[in-house]
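This is final-v7.pdb. It holds PDB, C-alpha atoms.
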ATOM      1  CA  MET Z 260      12.116 -11.235   9.923
ATOM      2  CA  ALA Z 261      13.850 -14.438   8.922
ATOM      3  CA  ILE Z 262      17.431 -15.504   8.660
ATOM      4  CA  PHE Z 263      18.613 -15.838   5.071
ATOM      5  CA  ASP Z 264      18.395 -19.442   3.817
ATOM      6  CA  VAL Z 265      21.969 -20.035   2.645
ATOM      7  CA  SER Z 266      21.415 -23.692   1.719
ATOM      8  CA  GLN Z 267      18.480 -22.800  -0.548
ATOM      9  CA  TYR Z 268      20.584 -20.061  -2.139
ATOM     10  CA  GLN Z 269      23.496 -22.471  -2.726
ATOM     11  CA  GLU Z 270      21.102 -24.987  -4.330
ATOM     12  CA  LEU Z 271      19.743 -22.294  -6.634
ATOM     13  CA  LEU Z 272      23.257 -21.248  -7.608
ATOM     14  CA  ALA Z 273      24.160 -24.856  -8.437
ATOM     15  CA  LYS Z 274      20.991 -25.276 -10.499
ATOM     16  CA  ARG Z 275      21.704 -22.030 -12.356
ATOM     17  CA  ALA Z 276      25.222 -23.270 -13.143
ATOM     18  CA  SER Z 277      23.722 -26.478 -14.523
ATOM     19  CA  LEU Z 278      21.267 -24.518 -16.677
ATOM     20  CA  THR Z 279      24.072 -22.312 -17.959
ATOM     21  CA  LYS Z 280      26.126 -25.359 -19.001
ATOM     22  CA  LYS Z 281      23.119 -26.662 -20.934
ATOM     23  CA  ASN Z 282      22.720 -23.284 -22.690
ATOM     24  CA  LYS Z 283      19.148 -22.996 -21.447
ATOM     25  CA  ASP Z 284      17.263 -19.699 -21.673
ATOM     26  CA  LEU Z 285      17.682 -18.576 -18.085
ATOM     27  CA  PHE Z 286      14.907 -15.982 -18.081
ATOM     28  CA  SER Z 287      12.270 -18.564 -18.921
ATOM     29  CA  ASP Z 288      13.344 -20.967 -16.183
ATOM     30  CA  PRO Z 289      11.577 -20.829 -12.784
ATOM     31  CA  ILE Z 290      14.810 -21.701 -10.944
ATOM     32  CA  PHE Z 291      16.587 -18.680 -12.377
ATOM     33  CA  LEU Z 292      13.619 -16.452 -11.580
ATOM     34  CA  GLU Z 293      13.582 -17.747  -8.007
ATOM     35  CA  LEU Z 294      17.308 -17.020  -7.731
ATOM     36  CA  MET Z 295      16.720 -13.472  -8.950
ATOM     37  CA  SER Z 296      13.968 -13.092  -6.363
ATOM     38  CA  VAL Z 297      16.292 -14.269  -3.579
ATOM     39  CA  LYS Z 298      19.009 -11.870  -4.717
ATOM     40  CA  SER Z 299      16.464  -9.070  -4.921
ATOM     41  CA  SER Z 300      15.379  -9.691  -1.334
ATOM     42  CA  VAL Z 301      18.972  -9.149  -0.172
ATOM     43  CA  GLU Z 302      19.231  -5.946  -2.227
ATOM     44  CA  THR Z 303      15.957  -4.667  -0.810
ATOM     45  CA  GLN Z 304      17.087  -5.441   2.718
ATOM     46  CA  VAL Z 305      20.344  -3.531   2.174
ATOM     47  CA  PHE Z 306      18.370  -0.535   0.874
ATOM     48  CA  TYR Z 307      15.989  -0.843   3.805
ATOM     49  CA  ASN Z 308      18.876  -0.992   6.272
ATOM     50  CA  HIS Z 309      20.019   2.397   4.924
ATOM     51  CA  LYS Z 310      16.554   3.875   4.612
ATOM     52  CA  ASN Z 311      17.257   6.704   7.041
ATOM     53  CA  SER Z 312      20.064   7.988   4.805
ATOM     54  CA  TYR Z 313      17.787   7.808   1.767
ATOM     55  CA  PHE Z 314      14.965   9.500   3.682
ATOM     56  CA  ALA Z 315      17.268  12.311   4.838
ATOM     57  CA  LEU Z 316      18.443  12.893   1.269
ATOM     58  CA  ILE Z 317      14.861  12.994  -0.034
ATOM     59  CA  GLN Z 318      13.827  15.366   2.763
ATOM     60  CA  ASN Z 319      16.744  17.661   1.876
ATOM     61  CA  TYR Z 320      15.617  17.679  -1.735
ATOM     62  CA  LEU Z 321      11.955  18.295  -0.912
ATOM     63  CA  GLY Z 322      12.992  20.973   1.598
ATOM     64  CA  LYS Z 323      15.024  22.564  -1.194
ATOM     65  CA  THR Z 324      18.323  22.382   0.696
ATOM     66  CA  ILE Z 325      19.769  20.316  -2.161
ATOM     67  CA  ASN Z 326      19.231  21.028  -5.846
ATOM     68  CA  PRO Z 327      17.562  18.483  -8.160
ATOM     69  CA  ASN Z 328      20.792  17.474  -9.917
ATOM     70  CA  GLY Z 329      22.597  17.019  -6.624
ATOM     71  CA  PHE Z 330      19.716  14.928  -5.309
ATOM     72  CA  ARG Z 331      19.550  12.681  -8.379
ATOM     73  CA  GLY Z 332      23.294  12.156  -8.468
ATOM     74  CA  SER Z 333      23.507  11.427  -4.740
ATOM     75  CA  PHE Z 334      20.524   9.059  -4.780
ATOM     76  CA  ILE Z 335      21.858   7.118  -7.762
ATOM     77  CA  GLN Z 336      25.322   6.917  -6.174
ATOM     78  CA  MET Z 337      23.872   5.638  -2.875
ATOM     79  CA  VAL Z 338      21.940   2.949  -4.749
ATOM     80  CA  LYS Z 339      25.069   1.879  -6.653
ATOM     81  CA  GLU Z 340      27.005   1.604  -3.390
ATOM     82  CA  ASP Z 341      24.247  -0.467  -1.799
ATOM     83  CA  LEU Z 342      24.080  -2.730  -4.866
ATOM     84  CA  ARG Z 343      27.834  -3.314  -4.548
ATOM     85  CA  LYS Z 344      27.354  -4.085  -0.867
ATOM     86  CA  SER Z 345      24.545  -6.547  -1.602
ATOM     87  CA  ARG Z 346      26.682  -8.335  -4.234
ATOM     88  CA  LYS Z 347      29.478  -8.579  -1.681
ATOM     89  CA  ILE Z 348      27.059 -10.060   0.860
ATOM     90  CA  LEU Z 349      25.676 -12.531  -1.696
ATOM     91  CA  ASN Z 350      29.214 -13.766  -2.378
ATOM     92  CA  ASN Z 351      29.991 -14.296   1.306
ATOM     93  CA  PHE Z 352      28.154 -17.366   2.627
ATOM     94  CA  GLU Z 353      29.453 -16.758   6.144
ATOM     95  CA  GLU Z 354      27.928 -13.273   6.197
ATOM     96  CA  LEU Z 355      24.744 -14.575   4.564
ATOM     97  CA  SER Z 356      24.353 -17.128   7.339
ATOM     98  CA  THR Z 357      23.714 -14.269   9.789
ATOM     99  CA  PHE Z 358      21.853 -11.950   7.395
ATOM    100  CA  TRP Z 359      18.262 -11.153   8.345
ATOM    101  CA  ILE Z 360      15.549 -10.534   5.749
ATOM    102  CA  ASP Z 361      12.293  -8.718   6.447
ATOM    103  CA  LEU Z 362       9.757 -10.741   4.487
ATOM    104  CA  GLU Z 363       7.252  -7.873   4.300
ATOM    105  CA  LEU Z 364       9.206  -5.323   2.256
ATOM    106  CA  ASP Z 365       7.435  -5.717  -1.099
ATOM    107  CA  ASP Z 366       5.703  -2.343  -0.816
ATOM    108  CA  PHE Z 367       8.928  -0.659   0.301
ATOM    109  CA  ALA Z 368      10.818  -2.267  -2.605
ATOM    110  CA  SER Z 369       8.245  -1.116  -5.134
ATOM    111  CA  LEU Z 370       8.167   2.488  -3.880
ATOM    112  CA  PHE Z 371      11.957   2.617  -3.566
ATOM    113  CA  GLU Z 372      12.337   1.315  -7.112
ATOM    114  CA  ASP Z 373       9.891   3.960  -8.379
ATOM    115  CA  ILE Z 374      12.008   6.707  -6.817
ATOM    116  CA  TYR Z 375      15.209   5.217  -8.236
ATOM    117  CA  GLU Z 376      13.754   4.801 -11.740
ATOM    118  CA  THR Z 377      12.411   8.355 -11.673
ATOM    119  CA  CYS Z 378      15.895   9.599 -10.760
ATOM    120  CA  LEU Z 379      17.477   7.524 -13.531
ATOM    121  CA  TYR Z 380      14.995   8.742 -16.113
ATOM    122  CA  ALA Z 381      15.395  12.380 -15.134
ATOM    123  CA  PHE Z 382      19.183  12.024 -15.056
ATOM    124  CA  GLU Z 383      19.355  10.255 -18.423
ATOM    125  CA  PHE Z 384      17.148  12.696 -20.307
ATOM    126  CA  GLU Z 385      18.277  15.876 -18.548
ATOM    127  CA  GLY Z 386      18.525  18.751 -21.027
ATOM    128  CA  GLN Z 387      16.862  16.757 -23.823
ATOM    129  CA  GLU Z 388      13.503  17.225 -25.444
ATOM    130  CA  ASP Z 389      12.108  14.175 -23.607
ATOM    131  CA  ALA Z 390      13.303  15.511 -20.253
ATOM    132  CA  MET Z 391      10.946  15.244 -17.312
ATOM    133  CA  PRO Z 392       9.802  18.690 -16.159
ATOM    134  CA  GLU Z 393      11.236  19.518 -12.745
ATOM    135  CA  ASP Z 394       7.810  19.973 -11.139
ATOM    136  CA  THR Z 395       6.713  16.537 -12.418
ATOM    137  CA  PHE Z 396       9.916  15.035 -11.028
ATOM    138  CA  ARG Z 397       9.415  16.693  -7.638
ATOM    139  CA  ASP Z 398       5.746  15.630  -7.491
ATOM    140  CA  SER Z 399       6.690  12.015  -8.254
ATOM    141  CA  ILE Z 400       9.396  11.943  -5.576
ATOM    142  CA  GLN Z 401       7.090  13.604  -3.047
ATOM    143  CA  LYS Z 402       4.194  11.221  -3.778
ATOM    144  CA  ASN Z 403       6.376   8.123  -3.366
ATOM    145  CA  PHE Z 404       8.159   9.557  -0.346
ATOM    146  CA  PHE Z 405       4.825  10.194   1.349
ATOM    147  CA  LYS Z 406       3.922   6.509   0.861
ATOM    148  CA  ILE Z 407       7.331   5.141   1.848
ATOM    149  CA  GLN Z 408       7.564   7.188   5.055
ATOM    150  CA  LYS Z 409       5.596   4.554   6.940
ATOM    151  CA  TYR Z 410       8.882   2.621   7.027
ATOM    152  CA  SER Z 411      10.655   5.469   8.807
ATOM    153  CA  ASP Z 412      12.092   4.892  12.272
ATOM    154  CA  GLU Z 413      10.817   8.335  13.306
ATOM    155  CA  GLU Z 414       7.144   7.494  13.723
TER
END
Please lay out the structure from this file as structure tokens.
Amino acid sequence: MAIFDVSQYQELLAKRASLTKKNKDLFSDPIFLELMSVKSSVETQVFYNHKNSYFALIQNYLGKTINPNGFRGSFIQMVKEDLRKSRKILNNFEELSTFWIDLELDDFASLFEDIYETCLYAFEFEGQEDAMPEDTFRDSIQKNFFKIQKYSDEE
């Protein structure tokens, strides 16, 4: 774990502002990509901090105590709330100065993103010809949940 580097973040924000004024292509600039990486680490940490809520929701779905639509909607809503929270944190330098980041969450972030993207895809194409079959959806969630459980506090 490491404390968030607010001064580095402020430098990156200033450099991004400079690039924006020059009408540079942000996505091809390493500074912008580094800024996105820093922001992503805060988002991942916020998700990780609420992992037990996500895990409980997934367990309810896999245990069939919540239906697939309820699960997808709840998971997507939880992610949106955590994204709002992370944006709020990123805009508050005082809070950032005491924000801790686990530097070894790449695997967690990847698995979490897979679950989220699977939910989004299934939600978006629900009832359409390209819809993901429910058993494929469940298998995908279960496979990723099995891998992500190593981050559970209940080991």
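Atom pair atom CA of Z:Ser356 / atom CA of Z:Tyr268: separated by 10.6 Å.
Shortest atom-to-atom contact with Z:Gln304 among Z:Lys344, Z:Lys409, Z:Lys323, Z:Arg331: Z:Lys344, counting only C-alpha atoms.
Put simply, the PyMOL selection byres ((chain Z and resi 330) around 9) in this file takes in Leu316, Ile317, Asn319, Tyr320, Ile325, Asn326, Pro327, Asn328, Gly329, Arg331, Gly332, Ser333, Phe334, Ile335 and Cys378 of chain Z.
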Please save C-alpha atoms of the selected residues as a PDB file, in the coordinates of the input.
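Written out: again39.pdb:
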ATOM      1  CA  LEU Z 316      18.443  12.893   1.269  1.00  0.00           C
ATOM      2  CA  ILE Z 317      14.861  12.994  -0.034  1.00  0.00           C
ATOM      3  CA  ASN Z 319      16.744  17.661   1.876  1.00  0.00           C
ATOM      4  CA  TYR Z 320      15.617  17.679  -1.735  1.00  0.00           C
ATOM      5  CA  ILE Z 325      19.769  20.316  -2.161  1.00  0.00           C
ATOM      6  CA  ASN Z 326      19.231  21.028  -5.846  1.00  0.00           C
ATOM      7  CA  PRO Z 327      17.562  18.483  -8.160  1.00  0.00           C
ATOM      8  CA  ASN Z 328      20.792  17.474  -9.917  1.00  0.00           C
ATOM      9  CA  GLY Z 329      22.597  17.019  -6.624  1.00  0.00           C
ATOM     10  CA  ARG Z 331      19.550  12.681  -8.379  1.00  0.00           C
ATOM     11  CA  GLY Z 332      23.294  12.156  -8.468  1.00  0.00           C
ATOM     12  CA  SER Z 333      23.507  11.427  -4.740  1.00  0.00           C
ATOM     13  CA  PHE Z 334      20.524   9.059  -4.780  1.00  0.00           C
ATOM     14  CA  ILE Z 335      21.858   7.118  -7.762  1.00  0.00           C
ATOM     15  CA  CYS Z 378      15.895   9.599 -10.760  1.00  0.00           C
TER      16      CYS Z 378
END
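Minimum atom-to-atom distances from Z:Tyr375, Z:Phe358, Z:Phe286, Z:Phe291 to Z:Ile262 were compared using only C-alpha atoms, and the lowest value belongs to Z:Phe358.
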Contacts of stretch 347-375 of chain Z with stretch 400-406 of chain Z up to 10 Å, shortest pair per row, all atoms listed in the file, as CSV:
residue,atom,partner,partner_atom,distance
Z:Asp366,CA,Z:Lys406,CA,9.2
Z:Phe367,CA,Z:Lys406,CA,8.8
Z:Ser369,CA,Z:Asn403,CA,9.6
Z:Leu370,CA,Z:Asn403,CA,5.9
Z:Phe371,CA,Z:Asn403,CA,7.8
Z:Glu372,CA,Z:Asn403,CA,9.8
Z:Asp373,CA,Z:Asn403,CA,7.4
Z:Ile374,CA,Z:Ile400,CA,6.0
Z:Tyr375,CA,Z:Ile400,CA,9.3
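The gap separating atom CA of Z:Met391 from atom CA of Z:Phe314 is 22.1 Å, in Å to one decimal.
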Local residues around (11.4, 14.9, -13.5), at most 9 Å away, using only C-alpha atoms, as JSON, numbers by chain: {"Z": [327, 377, 378, 380, 381, 382, 385, 390, 391, 392, 393, 394, 395, 396, 397, 398, 399, 400]}
Let me know the residues the PyMOL selection byres ((chain Z and resi 271-280) around 10) catches in the file above, as an mmCIF file with C-alpha atoms, in the frame of the given file.
data_model
loop_
_atom_site.group_PDB
_atom_site.id
_atom_site.type_symbol
_atom_site.label_atom_id
_atom_site.label_comp_id
_atom_site.auth_asym_id
_atom_site.auth_seq_id
_atom_site.Cartn_x
_atom_site.Cartn_y
_atom_site.Cartn_z
ATOM 1 C CA VAL Z 265 21.969 -20.035 2.645
ATOM 2 C CA SER Z 266 21.415 -23.692 1.719
ATOM 3 C CA GLN Z 267 18.480 -22.800 -0.548
ATOM 4 C CA TYR Z 268 20.584 -20.061 -2.139
ATOM 5 C CA GLN Z 269 23.496 -22.471 -2.726
ATOM 6 C CA GLU Z 270 21.102 -24.987 -4.330
ATOM 7 C CA LYS Z 281 23.119 -26.662 -20.934
ATOM 8 C CA ASN Z 282 22.720 -23.284 -22.690
ATOM 9 C CA LYS Z 283 19.148 -22.996 -21.447
ATOM 10 C CA ASP Z 284 17.263 -19.699 -21.673
ATOM 11 C CA LEU Z 285 17.682 -18.576 -18.085
ATOM 12 C CA ASP Z 288 13.344 -20.967 -16.183
ATOM 13 C CA ILE Z 290 14.810 -21.701 -10.944
ATOM 14 C CA PHE Z 291 16.587 -18.680 -12.377
ATOM 15 C CA LEU Z 292 13.619 -16.452 -11.580
ATOM 16 C CA GLU Z 293 13.582 -17.747 -8.007
ATOM 17 C CA LEU Z 294 17.308 -17.020 -7.731
ATOM 18 C CA MET Z 295 16.720 -13.472 -8.950
ATOM 19 C CA VAL Z 297 16.292 -14.269 -3.579
#
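Each of Z:Ser299, Z:Gln318, Z:Thr324, Z:Ser312 was compared to Z:Arg346 using all atoms listed in the file, and Z:Ser299 turns out to be the nearest.
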Please return, as a PyMOL selection string, all polymer residues that have at least one atom within 9 Å of the point (21.8, 1.7, -1.1); use all atoms listed in the file and the file's own coordinate frame. chain Z and resi 302-303+305-310+312-313+334-345
Selection to disk with C-alpha atoms, as a PDB file, in the frame of the given file:
ATOM      1  CA  GLU Z 302      19.231  -5.946  -2.227  1.00  0.00           C
ATOM      2  CA  THR Z 303      15.957  -4.667  -0.810  1.00  0.00           C
ATOM      3  CA  VAL Z 305      20.344  -3.531   2.174  1.00  0.00           C
ATOM      4  CA  PHE Z 306      18.370  -0.535   0.874  1.00  0.00           C
ATOM      5  CA  TYR Z 307      15.989  -0.843   3.805  1.00  0.00           C
ATOM      6  CA  ASN Z 308      18.876  -0.992   6.272  1.00  0.00           C
ATOM      7  CA  HIS Z 309      20.019   2.397   4.924  1.00  0.00           C
ATOM      8  CA  LYS Z 310      16.554   3.875   4.612  1.00  0.00           C
ATOM      9  CA  SER Z 312      20.064   7.988   4.805  1.00  0.00           C
ATOM     10  CA  TYR Z 313      17.787   7.808   1.767  1.00  0.00           C
ATOM     11  CA  PHE Z 334      20.524   9.059  -4.780  1.00  0.00           C
ATOM     12  CA  ILE Z 335      21.858   7.118  -7.762  1.00  0.00           C
ATOM     13  CA  GLN Z 336      25.322   6.917  -6.174  1.00  0.00           C
ATOM     14  CA  MET Z 337      23.872   5.638  -2.875  1.00  0.00           C
ATOM     15  CA  VAL Z 338      21.940   2.949  -4.749  1.00  0.00           C
ATOM     16  CA  LYS Z 339      25.069   1.879  -6.653  1.00  0.00           C
ATOM     17  CA  GLU Z 340      27.005   1.604  -3.390  1.00  0.00           C
ATOM     18  CA  ASP Z 341      24.247  -0.467  -1.799  1.00  0.00           C
ATOM     19  CA  LEU Z 342      24.080  -2.730  -4.866  1.00  0.00           C
ATOM     20  CA  ARG Z 343      27.834  -3.314  -4.548  1.00  0.00           C
ATOM     21  CA  LYS Z 344      27.354  -4.085  -0.867  1.00  0.00           C
ATOM     22  CA  SER Z 345      24.545  -6.547  -1.602  1.00  0.00           C
TER      23      SER Z 345
END
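The spacing separating atom CA of Z:Leu349 from atom CA of Z:Glu376 amounts to 23.3 Å.
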Could you put an axis-aligned box around every listed atom of stretch 282-289 of chain Z, padded by 6 Å on each side, and send me its centre and edge lengths in Å to one decimal, as lines of an AutoDock Vina configuration file?
center_x = 17.1
center_y = -19.6
center_z = -17.7
size_x = 23.1
size_y = 19.3
size_z = 21.9
Apply the PyMOL selection byres ((chain Z and resi 360) around 6) to the file shown and report the selected residues as JSON, numbers by chain. {"Z": [260, 261, 359, 361, 362]}
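Closest approach to Z:Asp264 from the set Z:Leu355, Z:Ile407, Z:Leu321, Z:Leu379 is made by Z:Leu355, with distances taken over all atoms listed in the file.
Proximity ranking of Z:Ser287, Z:Ser300, Z:Asn350, Z:Ala315 relative to Z:Ser411 places Z:Ala315 first, based on all atoms listed in the file.
Nearest residue to Z:Val301, choosing from Z:Gln408, Z:Gly322, Z:Gly386, Z:Glu354 and counting only C-alpha atoms: Z:Glu354.
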